[in-house]
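Have a look at the structure below before the remarks.
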Amino acid sequence: MPTKFREGANPMNIKWSRWKTILTCAFLVLAIVLCDARAASALPAGKVIALPMFARKYGLPCSACHTAWPELNNFGQVFRDNGYQLMNDRDSPIWQNPSYFPISFRITPSWHRETTTNQQVDSVPGNGLGDGIGTLTQAGFDLSGMDLWSGGTLYKNISFILLPSSDPTAVWHFESAFIRFDNLWHSPWLNVKFGRFELDNLISEKRFLFLSANGGLYQIYHFDNPGSSNNFGYGDNQIGVELAGHSANSYTRYSVSVLSSNEGGVNFTTDVVPGGTPSNRSYDVNLAFSQAFNAPGTPGESGFGLERVGAFAYIGQRPTNYETELGTQLVGINNKPFFRIGFAGDLSYKNLELMPLFIYGHDNPYLGAGVPSTAPLPPGAQAPTFYGGFLEAHYYFNPQNVALARFEQINVGQQAFTNTSFGGSNGNITAVSFGYRWYPIMFSRAGVALDGEFSRVRTIGQEPESGNGTGVVGNPTGAVWSNSIYFGIDFDF
Amino acid sequence: MTLKKFAVTFALGSMALLTAGATVSTAQSHVNSPDPLLGTPSVATETSNIDGITGHAESGKHLYRRFCIGCHGPDGNGQGMNAQWIDPKPRDFTEATFKCRSTPTGTLPTDEDLYNAITRGFVTTNMPSWRPLNPQQRADLVAFIKTWSPRWAKEKPGASLNIPPETAITIESILHGRELFQKLECWKCHGPEGHADGPSASTLTDSKGNPILPFNFSTGERFMCGDSNRDLYRIFMTGLDGSPMPSFADVIQPNDAWDLVHFLRTLQVALPNQELTLWQTYKAAHGKDLKPIGPDSAGGAQ
Amino acid sequence: MRMKFFAALALTVAMGSALMVFATPPPAGSGSITGKVTYTGTPMKMKPIDMSKEPSCAKQHATPITTENVATGPGNTLQWVVVYISAGDEGTTTASQGVRYDQKGCQYLPHVLTMLAGQQLQIYNDDQTSHNIHPLAKVNQEWNKSQPPGSPPIDTKWDKPEFIAVKCNIHPWMHGYFAVLKTSHVSITGEDGTFDIKGLSPGKYTVTAWQEQYGTKTQDVTVGAGAATANFVFTATPY
């Protein structure tokens, strides 16, 4: 591991000055003194729990459906697979008091600090030349975006989600909006979802526990080879129709989705806010399957837990050209395919949860070449490929305390061009994150989590996926290091 | 020190603070500060046994805190924070009185009865089906639930009801069941057509004094204690302890009980079933010969 | 000399016998505690019971019976108060015979039935209608059985002392009590409010009076060879 990584934020570093060590230790002592368990227990402990609108409807604690919200446990997975129904003949909204309204919101004010090295800057501030290379550091208090959830049942076996979501500047879009016909022909194996929705990912980026700029995304879910015009993100919500099914306890799950090839965009564009490029007329397919089983554990003891493994494949197309009018792009044409395949797991050993994932991605050479598919391929153009994955670990001290860690590595297999001047590892990503979430309250009405994270990402010759930095790499043959230090208070109602 | 170094240390320290604080609080909570969920001393030793799986109350305690505490409460008495908004109320485990059993009225249920109740849930109530929990987890919860009442240490569960093989579904069986429904005065609570509108229906209270309605057969809802004919047989033979529904084990013979089961199915007009189909054909031909169910002209039960 | 010896011997024997007579406790059963249970204040009004939903019972009562949770008598007396020894010699704690509880005219007879823990209890249905017996026990185990007319009596017993409310779900006006005690020294007041606990050996006792609506009152009583008196006064409230 590079020395830079070791030095950066490592209390064990012998190069730390004494004052730094003392101050850090002082904080720890202060922590022990302040976070007295008596104070913690004076709060209504043990009453903890994620979509509070569901907790309100059914009177269950948040921890019933979530390992630690927003991540689902198997009971919550079954609830979701059933179309947000407990199947207790009381799911339909007619059984609710008319004053119950299925709305929840979530937002996270925070303090965070981002540093990104190897960025192109003006060597003299204001000279406008972009002639220098430097490190960009930004820090301060901040807000996250806001989710304004509505979801549940319209009728027995007809469910929905409507999720307008905003960025921190209150620019709104529809993150999710779908209707789902559940348990067709009384079978849990047939459910049809229609609208804009998250793909049926075994490891969901929408329900994970990280919030920082560099840690708050799965790098590989958004990776596209450098130079590729492909904009696909496996963690992005898409728009289309999904047929999904599950066994009664959701140990077996499958889904097949047919989606527009426009990255979930609306108005026939590739984005959910104005200004996106036009979409094409083709369709993508996503396939996912997973199987869970109980690990029995040692005889006489309670079992290890539920183990789930799955495989997935996404086959799609993206345009290499556009119909135009006076140069204005109208509709994408000359589509070329790409695919992503992989497998993932959600493994438990008592209080420890491990989530491994591996993906292999392959784009058509035209998607990396930047020419319409009607033209010949430029010399050196080849199919951009990549492979990689991550291993994420959670340790649940109890339903209100969880420690997090993740290591991620993505390697470019083939660059878009063989004769690239930037080397075969251009675009490679190494990322590590650590975090902790503490839920001091967990009512069936609202929730609060204190979230602390540290993330460090190294990207070779490319800007970090978090969007940190100036937007232009200083030295394209070198590494860009981007750090996030994050402390947020995540609350929902 | 530079501002940058300070900021880094501050942030690191905050994280350390979070980590240490929460770790310490949880560690301490295991030692001497009030656990939100203490349980009783027998948590360390109580076990359950279902189909060869041994459940342990100590593991069940952690599961109870995650899944059950919101309704059943930190003291296991059904006074969880959500209980005030729920009807029917969550079960009070400290009384060891349970509705859905295979054992005679007044006796403790078997471990399997409790396991089945957790697995099946109670339809039309806020008690979900906990089938998504694996069998070991459910067995652990059964063991933990038993620690809430001292009865489990002193009494053994009752003997499970022996259910004979079901008799044939015939119109004679249904007609005999109908006679029993009249004679045993089920209609006084459940109503002549099972609409929960019998003369006593509006006055019923459960054993804690909360108003409660008898089962309404006509809505097509499933029974809380299971939806097969065997489950229905068990319901009226063992009675639903804690509710007004008594046990008829001393007054009905096993074969007669199957006749009653077949008749009760014909009351479930919204839930297609074999007995209903038979009955509707019979009624179309002989409906006017049937004596209506209810008080007879002598002013009392037959 | 011999005479003196025998006289002394006789005297000693006589004195010894006399001493023995006085030293031995008097035969058990000679002492008793009697008294009266009354109330001050205004008690709840007892209301007539409407049995029109059960015609077979309604016609057994020429005038409707009233509720019985605060049954009073002339002179501000309280009926159906269970007075028993709660500390001191408990008397026999096992019973050779059983006790009987009847459902007649959709009423529990007697309204309060005392019995020993472990004593055989037989419950009869003397009516033309079904009843369900639902003792709402909390210390003992609650149960609920249907008893159609003409069925045999229900045979049961209670293991632990407890005042158990009994109800019939079909006929909601029916209320009664099983007073399960660990002592046989018990007496229930009648309309005149008097009780008489007989067969007590001299000694110190704690006596408790229980009324279903107003709770319990306790007194310490010392019993000699004859009758000791203890009166109880409950504070009655209209609701």
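Residues are named by chain letter and number: chains run A, B, ... in the order of the structure tokens, numbers start at 1 in each chain, and ligands are numbered from 1 in the order shown.
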- Any idea what's packed within 9 Å of C:Val207, counting only C-alpha atoms, ignoring anything in its chain fewer than 2 positions away? Could you give it as a PyMOL selection string? chain C and resi 33+83-88+205+209+217-221+230
Just write the chosen residues, C-alpha atoms, as a compact mmCIF listing (two decimals), in the first residue's frame.
```
# COMPACT_ATOMS: atom_id res chain seq x y z
CA ILE C 33 -64.77 -14.91 66.19
CA VAL C 83 -64.34 -13.17 56.51
CA TYR C 84 -61.41 -15.52 57.05
CA ILE C 85 -58.30 -16.13 59.09
CA SER C 86 -55.32 -14.81 57.18
CA ALA C 87 -52.71 -15.42 59.90
CA GLY C 88 -52.69 -17.76 62.81
CA TYR C 205 -55.26 -14.31 64.75
CA ALA C 209 -62.80 -9.32 55.44
CA LYS C 217 -60.02 -4.89 55.74
CA THR C 218 -57.84 -6.61 58.30
CA GLN C 219 -57.89 -6.84 62.08
CA ASP C 220 -55.89 -8.65 64.75
CA VAL C 221 -58.01 -10.61 67.16
CA ALA C 230 -64.52 -8.22 65.49
```
- Shell of 9 Å around C:His185, only C-alpha atoms, local chain residues under 5 positions omitted, as an NGL selection string: :C and (83-85 or 89-92 or 197-200)
Okay, now the selection with N, CA and C atoms, as a short mmCIF file (atom, residue, chain, number, x, y, z; two decimals), in the first residue's frame?
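What landed in out-v8.cif:
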```
data_model
loop_
_atom_site.label_atom_id
_atom_site.label_comp_id
_atom_site.auth_asym_id
_atom_site.auth_seq_id
_atom_site.Cartn_x
_atom_site.Cartn_y
_atom_site.Cartn_z
N VAL C 83 -65.18 -13.48 55.35
CA VAL C 83 -64.34 -13.17 56.51
C VAL C 83 -63.54 -14.44 56.82
N TYR C 84 -62.23 -14.32 56.87
CA TYR C 84 -61.41 -15.52 57.05
C TYR C 84 -60.15 -15.21 57.83
N ILE C 85 -59.54 -16.27 58.33
CA ILE C 85 -58.30 -16.13 59.09
C ILE C 85 -57.16 -16.06 58.09
N ASP C 89 -53.53 -19.93 63.36
CA ASP C 89 -53.85 -21.33 63.10
C ASP C 89 -54.84 -21.44 61.94
N GLU C 90 -54.47 -22.16 60.95
CA GLU C 90 -55.29 -22.17 59.73
C GLU C 90 -56.33 -23.25 59.72
N GLY C 91 -56.34 -24.09 60.72
CA GLY C 91 -57.33 -25.16 60.72
C GLY C 91 -56.96 -26.20 59.67
N THR C 92 -57.96 -26.96 59.28
CA THR C 92 -57.66 -28.00 58.28
C THR C 92 -57.35 -27.34 56.96
N ILE C 197 -66.92 -17.32 62.80
CA ILE C 197 -65.87 -18.29 62.50
C ILE C 197 -65.70 -19.15 63.74
N LYS C 198 -66.08 -20.41 63.63
CA LYS C 198 -66.07 -21.31 64.78
C LYS C 198 -64.85 -22.19 64.77
N GLY C 199 -64.72 -22.91 65.87
CA GLY C 199 -63.70 -23.96 65.94
C GLY C 199 -62.30 -23.43 66.02
N LEU C 200 -62.12 -22.30 66.73
CA LEU C 200 -60.78 -21.73 66.82
C LEU C 200 -60.17 -22.05 68.18
#
```
- Would you list the contacts of stretch 53-61 of chain B as a list in words, taking every protein, DNA or RNA residue within 7 Å and counting only C-alpha atoms, but skipping same-chain residues closer than 5 positions in sequence?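 Counting only C-alpha atoms, the residues come to Gly300 of chain A; Val43, Ala44, Glu46, Thr47, Ser48, Gln136, Gln137, Ala139, Asp140, Leu141, Ala143 and Phe144 of chain B.
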Could the residues of chain C that have an atom at most 10 Å from chain B be listed as CSV, each with its closest atom pair and the distance in Å to one decimal, counting only C-alpha atoms and ordered by chain and ascending residue number?
```
residue,atom,partner,partner_atom,distance
C:Lys53,CA,B:Pro199,CA,6.7
C:Glu54,CA,B:Gly300,CA,7.2
C:Pro55,CA,B:Gly299,CA,5.6
C:Ser56,CA,B:Gly300,CA,5.3
C:Cys57,CA,B:Gly300,CA,8.6
C:Lys59,CA,B:Gly299,CA,9.8
C:Asp127,CA,B:Gly300,CA,9.7
C:Gln128,CA,B:Gly300,CA,6.5
C:Thr129,CA,B:Ala301,CA,5.6
C:Ser130,CA,B:Glu185,CA,6.7
C:His131,CA,B:Glu185,CA,9.2
C:Asn132,CA,B:Pro246,CA,6.4
C:Ile133,CA,B:Pro246,CA,7.9
C:His134,CA,B:Pro246,CA,7.7
C:Pro135,CA,B:Ser207,CA,9.4
C:Leu136,CA,B:Ser207,CA,6.6
C:Ala137,CA,B:Ser207,CA,9.3
C:Lys138,CA,B:Glu95,CA,7.0
C:Val139,CA,B:Glu95,CA,8.6
C:Asn140,CA,B:Gly106,CA,9.0
C:Gln141,CA,B:Gly106,CA,5.4
C:Glu142,CA,B:Gly106,CA,5.3
C:Trp143,CA,B:Gly106,CA,4.2
C:Asn144,CA,B:Pro246,CA,4.6
C:Lys145,CA,B:Pro246,CA,4.6
C:Ser146,CA,B:Pro246,CA,5.5
C:Gln147,CA,B:Val251,CA,7.2
C:Pro148,CA,B:Leu184,CA,6.3
C:Pro149,CA,B:Ala301,CA,8.6
C:Ser151,CA,B:Val251,CA,7.3
C:Pro152,CA,B:Val251,CA,9.2
C:Ile154,CA,B:Asp250,CA,8.9
C:Lys167,CA,B:Pro244,CA,9.6
C:Cys168,CA,B:Pro244,CA,8.3
C:Asn169,CA,B:Pro244,CA,5.5
C:Ile170,CA,B:Ser200,CA,5.6
C:His171,CA,B:Ser200,CA,6.9
C:Pro172,CA,B:Thr203,CA,6.5
C:Trp173,CA,B:Thr203,CA,9.5
```
- Item | Polymer residues at most 9 Å from C:Asp196, only C-alpha atoms, same-chain spacing of 5 or more positions, as an NGL selection string | :C and (32-36 or 83 or 186-189)
Within 9 Å of stretch 263-276 of chain B, which residues of stretch 119-237 of chain B come that close, and what is the closest atom pair and distance in Å for each? Count only C-alpha atoms and give it as a tab-separated table.
```
residue	atom	partner	partner_atom	distance
B:Ile169	CA	B:Glu275	CA	6.8
B:Thr170	CA	B:Glu275	CA	7.9
B:Ile171	CA	B:Glu275	CA	8.2
B:Ser173	CA	B:Phe263	CA	7.6
B:Ile174	CA	B:Phe263	CA	4.6
B:Leu175	CA	B:Phe263	CA	7.1
B:His176	CA	B:Phe263	CA	8.0
B:Gly177	CA	B:Phe263	CA	5.1
B:Arg178	CA	B:Phe263	CA	5.8
B:Phe181	CA	B:Phe263	CA	8.1
B:Glu193	CA	B:Leu267	CA	6.3
B:Gly194	CA	B:Leu267	CA	6.1
B:His195	CA	B:Leu267	CA	8.6
B:Asn216	CA	B:Gln268	CA	8.6
B:Phe217	CA	B:Gln268	CA	4.9
B:Ser218	CA	B:Gln268	CA	4.7
B:Thr219	CA	B:Ala270	CA	5.8
B:Gly220	CA	B:Ala270	CA	4.5
B:Glu221	CA	B:Leu271	CA	7.7
B:Arg222	CA	B:Leu271	CA	8.7
B:Asn229	CA	B:Arg265	CA	8.4
B:Leu232	CA	B:Leu264	CA	8.7
```
Could you take the residues named above and write them with C-alpha atoms, as a CSV table (one decimal), in the first residue's frame?
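That gives us again06.csv:
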```csv
chain,number,residue,atom,x,y,z
B,169,ILE,CA,-67.5,-34.0,3.6
B,170,THR,CA,-71.1,-34.9,2.9
B,171,ILE,CA,-74.4,-33.1,3.1
B,173,SER,CA,-72.3,-34.2,7.9
B,174,ILE,CA,-73.1,-30.5,7.2
B,175,LEU,CA,-76.7,-30.9,8.3
B,176,HIS,CA,-75.7,-32.6,11.5
B,177,GLY,CA,-73.2,-29.8,12.1
B,178,ARG,CA,-76.0,-27.4,11.6
B,181,PHE,CA,-74.5,-25.2,15.9
B,193,GLU,CA,-75.4,-17.0,9.8
B,194,GLY,CA,-72.1,-16.4,11.5
B,195,HIS,CA,-72.2,-12.6,11.0
B,216,ASN,CA,-67.5,-13.2,11.6
B,217,PHE,CA,-67.5,-16.1,9.3
B,218,SER,CA,-69.1,-14.3,6.4
B,219,THR,CA,-66.3,-11.9,5.6
B,220,GLY,CA,-64.0,-14.6,4.2
B,221,GLU,CA,-61.2,-13.7,6.6
B,222,ARG,CA,-58.9,-16.5,7.6
B,229,ASN,CA,-60.2,-27.8,8.7
B,232,LEU,CA,-60.9,-25.1,12.9
```
- Query: If you run DSSP on this backbone, which residues of stretch 38-205 of chain C come out as alpha helix (DSSP H), and could you give them as a list in words?
  - Reply: Pro55, Ser56, Cys57 and Ala58 of chain C
Just the selected residues (N, CA and C atoms), exported as a PDB file, in the first residue's frame, please.
```pdb
ATOM      1  N   PRO C  55     -84.995 -15.759  27.386  1.00  0.00           N
ATOM      2  CA  PRO C  55     -86.359 -15.929  27.925  1.00  0.00           C
ATOM      3  C   PRO C  55     -86.474 -17.094  28.900  1.00  0.00           C
ATOM      4  N   SER C  56     -85.712 -18.164  28.655  1.00  0.00           N
ATOM      5  CA  SER C  56     -85.853 -19.337  29.533  1.00  0.00           C
ATOM      6  C   SER C  56     -85.415 -19.015  30.945  1.00  0.00           C
ATOM      7  N   CYS C  57     -84.551 -18.033  31.111  1.00  0.00           N
ATOM      8  CA  CYS C  57     -84.142 -17.615  32.459  1.00  0.00           C
ATOM      9  C   CYS C  57     -85.057 -16.516  32.980  1.00  0.00           C
ATOM     10  N   ALA C  58     -85.435 -15.602  32.086  1.00  0.00           N
ATOM     11  CA  ALA C  58     -86.255 -14.471  32.533  1.00  0.00           C
ATOM     12  C   ALA C  58     -87.526 -14.962  33.196  1.00  0.00           C
TER      13      ALA C  58
END
```
- By how many Å are atom CA of A:Ser279 and atom CA of A:Asn335 apart?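 Calculated distance between atom CA of A:Ser279 and atom CA of A:Asn335 is 10.7 Å.
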- Can you list, as JSON, numbers by chain, every protein, DNA or RNA residue that comes within 12 Å of stretch 129-136 of chain A when you count only C-alpha atoms, leaving out same-chain residues fewer than 3 positions away? {"A": [113, 114, 115, 116, 117, 118, 119, 120, 121, 122, 123, 124, 125, 126, 139, 468, 469, 470, 471, 472, 473, 474, 475, 476, 478, 480, 481, 482, 483]}
Grab the residues selected above and save them as a PDB file, in the first residue's frame with N, CA and C atoms.
```
ATOM      1  N   ARG A 113     -15.284  17.222   5.264  1.00  0.00           N
ATOM      2  CA  ARG A 113     -14.067  17.791   4.713  1.00  0.00           C
ATOM      3  C   ARG A 113     -13.620  16.906   3.569  1.00  0.00           C
ATOM      4  N   GLU A 114     -13.371  17.535   2.435  1.00  0.00           N
ATOM      5  CA  GLU A 114     -12.928  16.799   1.251  1.00  0.00           C
ATOM      6  C   GLU A 114     -11.571  17.347   0.802  1.00  0.00           C
ATOM      7  N   THR A 115     -10.646  16.453   0.537  1.00  0.00           N
ATOM      8  CA  THR A 115      -9.380  16.887  -0.069  1.00  0.00           C
ATOM      9  C   THR A 115      -9.144  16.024  -1.292  1.00  0.00           C
ATOM     10  N   THR A 116      -8.708  16.648  -2.349  1.00  0.00           N
ATOM     11  CA  THR A 116      -8.429  15.916  -3.591  1.00  0.00           C
ATOM     12  C   THR A 116      -7.106  16.410  -4.158  1.00  0.00           C
ATOM     13  N   THR A 117      -6.184  15.482  -4.398  1.00  0.00           N
ATOM     14  CA  THR A 117      -4.860  15.865  -4.888  1.00  0.00           C
ATOM     15  C   THR A 117      -4.827  15.836  -6.410  1.00  0.00           C
ATOM     16  N   ASN A 118      -3.709  16.293  -6.953  1.00  0.00           N
ATOM     17  CA  ASN A 118      -3.436  16.180  -8.392  1.00  0.00           C
ATOM     18  C   ASN A 118      -4.539  16.822  -9.230  1.00  0.00           C
ATOM     19  N   GLN A 119      -4.910  18.016  -8.841  1.00  0.00           N
ATOM     20  CA  GLN A 119      -5.943  18.732  -9.571  1.00  0.00           C
ATOM     21  C   GLN A 119      -5.335  19.897 -10.339  1.00  0.00           C
ATOM     22  N   GLN A 120      -5.919  20.135 -11.523  1.00  0.00           N
ATOM     23  CA  GLN A 120      -5.461  21.304 -12.296  1.00  0.00           C
ATOM     24  C   GLN A 120      -6.035  22.559 -11.652  1.00  0.00           C
ATOM     25  N   VAL A 121      -5.151  23.488 -11.336  1.00  0.00           N
ATOM     26  CA  VAL A 121      -5.565  24.757 -10.734  1.00  0.00           C
ATOM     27  C   VAL A 121      -4.798  25.882 -11.421  1.00  0.00           C
ATOM     28  N   ASP A 122      -5.179  27.118 -11.114  1.00  0.00           N
ATOM     29  CA  ASP A 122      -4.378  28.279 -11.551  1.00  0.00           C
ATOM     30  C   ASP A 122      -3.188  28.380 -10.613  1.00  0.00           C
ATOM     31  N   SER A 123      -2.002  28.437 -11.166  1.00  0.00           N
ATOM     32  CA  SER A 123      -0.810  28.463 -10.306  1.00  0.00           C
ATOM     33  C   SER A 123      -0.812  29.712  -9.433  1.00  0.00           C
ATOM     34  N   VAL A 124      -1.287  30.792  -9.987  1.00  0.00           N
ATOM     35  CA  VAL A 124      -1.506  31.993  -9.174  1.00  0.00           C
ATOM     36  C   VAL A 124      -3.004  32.219  -9.142  1.00  0.00           C
ATOM     37  N   PRO A 125      -3.587  32.241  -7.938  1.00  0.00           N
ATOM     38  CA  PRO A 125      -5.055  32.347  -7.924  1.00  0.00           C
ATOM     39  C   PRO A 125      -5.534  33.542  -8.750  1.00  0.00           C
ATOM     40  N   GLY A 126      -6.382  33.277  -9.688  1.00  0.00           N
ATOM     41  CA  GLY A 126      -6.955  34.348 -10.499  1.00  0.00           C
ATOM     42  C   GLY A 126      -6.272  34.550 -11.832  1.00  0.00           C
ATOM     43  N   ALA A 139     -14.075  22.285   3.251  1.00  0.00           N
ATOM     44  CA  ALA A 139     -14.594  21.754   4.503  1.00  0.00           C
ATOM     45  C   ALA A 139     -15.636  22.698   5.050  1.00  0.00           C
ATOM     46  N   ASN A 468     -15.607  15.216  -6.374  1.00  0.00           N
ATOM     47  CA  ASN A 468     -14.694  16.136  -5.698  1.00  0.00           C
ATOM     48  C   ASN A 468     -13.646  16.638  -6.681  1.00  0.00           C
ATOM     49  N   GLY A 469     -13.042  17.747  -6.360  1.00  0.00           N
ATOM     50  CA  GLY A 469     -11.946  18.256  -7.161  1.00  0.00           C
ATOM     51  C   GLY A 469     -12.398  19.378  -8.093  1.00  0.00           C
ATOM     52  N   THR A 470     -11.489  19.778  -8.952  1.00  0.00           N
ATOM     53  CA  THR A 470     -11.771  20.919  -9.827  1.00  0.00           C
ATOM     54  C   THR A 470     -12.413  20.491 -11.132  1.00  0.00           C
ATOM     55  N   GLY A 471     -12.408  19.189 -11.393  1.00  0.00           N
ATOM     56  CA  GLY A 471     -12.996  18.704 -12.638  1.00  0.00           C
ATOM     57  C   GLY A 471     -11.971  18.320 -13.665  1.00  0.00           C
ATOM     58  N   VAL A 472     -10.718  18.719 -13.456  1.00  0.00           N
ATOM     59  CA  VAL A 472      -9.669  18.382 -14.428  1.00  0.00           C
ATOM     60  C   VAL A 472      -8.489  17.822 -13.652  1.00  0.00           C
ATOM     61  N   VAL A 473      -7.990  16.699 -14.107  1.00  0.00           N
ATOM     62  CA  VAL A 473      -6.841  16.099 -13.442  1.00  0.00           C
ATOM     63  C   VAL A 473      -5.591  16.902 -13.778  1.00  0.00           C
ATOM     64  N   GLY A 474      -4.713  17.081 -12.804  1.00  0.00           N
ATOM     65  CA  GLY A 474      -3.482  17.803 -13.061  1.00  0.00           C
ATOM     66  C   GLY A 474      -2.539  16.995 -13.938  1.00  0.00           C
ATOM     67  N   ASN A 475      -2.098  15.859 -13.424  1.00  0.00           N
ATOM     68  CA  ASN A 475      -1.177  15.010 -14.161  1.00  0.00           C
ATOM     69  C   ASN A 475      -1.895  13.714 -14.503  1.00  0.00           C
ATOM     70  N   PRO A 476      -2.284  13.517 -15.786  1.00  0.00           N
ATOM     71  CA  PRO A 476      -3.123  12.364 -16.136  1.00  0.00           C
ATOM     72  C   PRO A 476      -2.420  11.021 -16.039  1.00  0.00           C
ATOM     73  N   GLY A 478      -0.697  10.303 -13.294  1.00  0.00           N
ATOM     74  CA  GLY A 478      -0.522  10.051 -11.869  1.00  0.00           C
ATOM     75  C   GLY A 478      -1.829   9.733 -11.186  1.00  0.00           C
ATOM     76  N   VAL A 480      -4.866  10.312  -8.427  1.00  0.00           N
ATOM     77  CA  VAL A 480      -5.641  11.349  -7.747  1.00  0.00           C
ATOM     78  C   VAL A 480      -6.144  10.741  -6.451  1.00  0.00           C
ATOM     79  N   TRP A 481      -5.762  11.341  -5.302  1.00  0.00           N
ATOM     80  CA  TRP A 481      -6.247  10.850  -4.027  1.00  0.00           C
ATOM     81  C   TRP A 481      -7.346  11.777  -3.540  1.00  0.00           C
ATOM     82  N   SER A 482      -8.457  11.193  -3.138  1.00  0.00           N
ATOM     83  CA  SER A 482      -9.544  12.017  -2.621  1.00  0.00           C
ATOM     84  C   SER A 482      -9.991  11.443  -1.285  1.00  0.00           C
ATOM     85  N   ASN A 483      -9.990  12.307  -0.247  1.00  0.00           N
ATOM     86  CA  ASN A 483     -10.389  11.887   1.097  1.00  0.00           C
ATOM     87  C   ASN A 483     -11.695  12.522   1.484  1.00  0.00           C
TER      88      ASN A 483
END
```
- Picked from stretch 11-205 of chain C by DSSP as strand (DSSP E), as a PyMOL selection string: chain C and resi 31-41+72-73+77-78+82-87+99-104+107-109+112-116+121-125+131-136+145-147+154-156+162-167+175-181+186-188+194-200+203-205
Store the residues picked out above in a file with C-alpha atoms, as a short mmCIF file (atom, residue, chain, number, x, y, z; two decimals), in the first residue's frame.
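Output below, filename part-v3.cif:
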```cif
data_model
loop_
_atom_site.label_atom_id
_atom_site.label_comp_id
_atom_site.auth_asym_id
_atom_site.auth_seq_id
_atom_site.Cartn_x
_atom_site.Cartn_y
_atom_site.Cartn_z
CA GLY C 31 -63.26 -20.39 70.52
CA SER C 32 -64.79 -18.32 67.75
CA ILE C 33 -64.77 -14.91 66.19
CA THR C 34 -68.10 -13.29 65.47
CA GLY C 35 -69.00 -9.89 64.25
CA LYS C 36 -70.86 -7.77 61.81
CA VAL C 37 -69.81 -6.14 58.59
CA THR C 38 -71.33 -2.76 57.87
CA TYR C 39 -70.63 0.23 55.70
CA THR C 40 -70.59 3.97 55.98
CA GLY C 41 -71.29 6.34 53.14
CA THR C 72 -76.64 -4.70 51.36
CA GLY C 73 -79.07 -5.47 54.15
CA THR C 77 -74.97 -4.31 56.55
CA LEU C 78 -73.00 -5.90 53.74
CA VAL C 82 -65.89 -13.31 53.04
CA VAL C 83 -64.34 -13.17 56.51
CA TYR C 84 -61.41 -15.52 57.05
CA ILE C 85 -58.30 -16.13 59.09
CA SER C 86 -55.32 -14.81 57.18
CA ALA C 87 -52.71 -15.42 59.90
CA VAL C 99 -68.30 -27.94 47.10
CA ARG C 100 -70.99 -27.16 44.57
CA TYR C 101 -71.63 -24.17 42.34
CA ASP C 102 -74.89 -23.81 40.45
CA GLN C 103 -76.01 -21.87 37.44
CA LYS C 104 -79.72 -21.44 37.85
CA GLN C 107 -77.49 -16.62 38.11
CA TYR C 108 -74.57 -18.06 40.03
CA LEU C 109 -75.62 -19.71 43.26
CA VAL C 112 -69.61 -16.18 46.38
CA LEU C 113 -68.44 -19.73 47.03
CA THR C 114 -65.62 -20.38 49.46
CA MET C 115 -63.37 -23.41 49.18
CA LEU C 116 -59.96 -24.66 50.16
CA LEU C 121 -65.42 -28.16 43.00
CA GLN C 122 -68.42 -29.25 40.96
CA ILE C 123 -70.19 -26.80 38.70
CA TYR C 124 -73.75 -27.58 37.62
CA ASN C 125 -75.85 -26.13 34.86
CA HIS C 131 -73.60 -21.38 29.81
CA ASN C 132 -69.86 -21.01 29.48
CA ILE C 133 -67.93 -21.03 32.73
CA HIS C 134 -65.11 -18.55 32.50
CA PRO C 135 -63.18 -18.14 35.77
CA LEU C 136 -60.88 -15.17 35.29
CA LYS C 145 -65.60 -24.25 29.07
CA SER C 146 -68.97 -24.55 27.44
CA GLN C 147 -71.67 -26.36 29.43
CA ILE C 154 -67.72 -29.82 35.54
CA ASP C 155 -65.22 -31.27 38.02
CA THR C 156 -62.30 -29.08 38.87
CA GLU C 162 -57.08 -16.54 45.06
CA PHE C 163 -60.32 -14.59 44.74
CA ILE C 164 -61.41 -15.57 41.25
CA ALA C 165 -64.07 -13.64 39.37
CA VAL C 166 -66.37 -15.92 37.39
CA LYS C 167 -68.35 -14.84 34.38
CA HIS C 175 -71.03 -12.50 37.96
CA GLY C 176 -69.78 -14.65 40.78
CA TYR C 177 -66.68 -15.42 42.79
CA PHE C 178 -64.66 -18.39 43.92
CA ALA C 179 -62.95 -17.51 47.19
CA VAL C 180 -60.13 -20.06 47.22
CA LEU C 181 -58.42 -19.96 50.57
CA VAL C 186 -64.04 -18.83 56.95
CA SER C 187 -67.51 -17.40 57.15
CA ILE C 188 -69.63 -15.45 54.69
CA THR C 194 -73.05 -11.19 60.60
CA PHE C 195 -70.33 -13.80 60.43
CA ASP C 196 -69.19 -16.50 62.81
CA ILE C 197 -65.87 -18.29 62.50
CA LYS C 198 -66.07 -21.31 64.78
CA GLY C 199 -63.70 -23.96 65.94
CA LEU C 200 -60.78 -21.73 66.82
CA GLY C 203 -54.45 -17.56 70.28
CA LYS C 204 -53.70 -14.54 68.18
CA TYR C 205 -55.26 -14.31 64.75
#
```
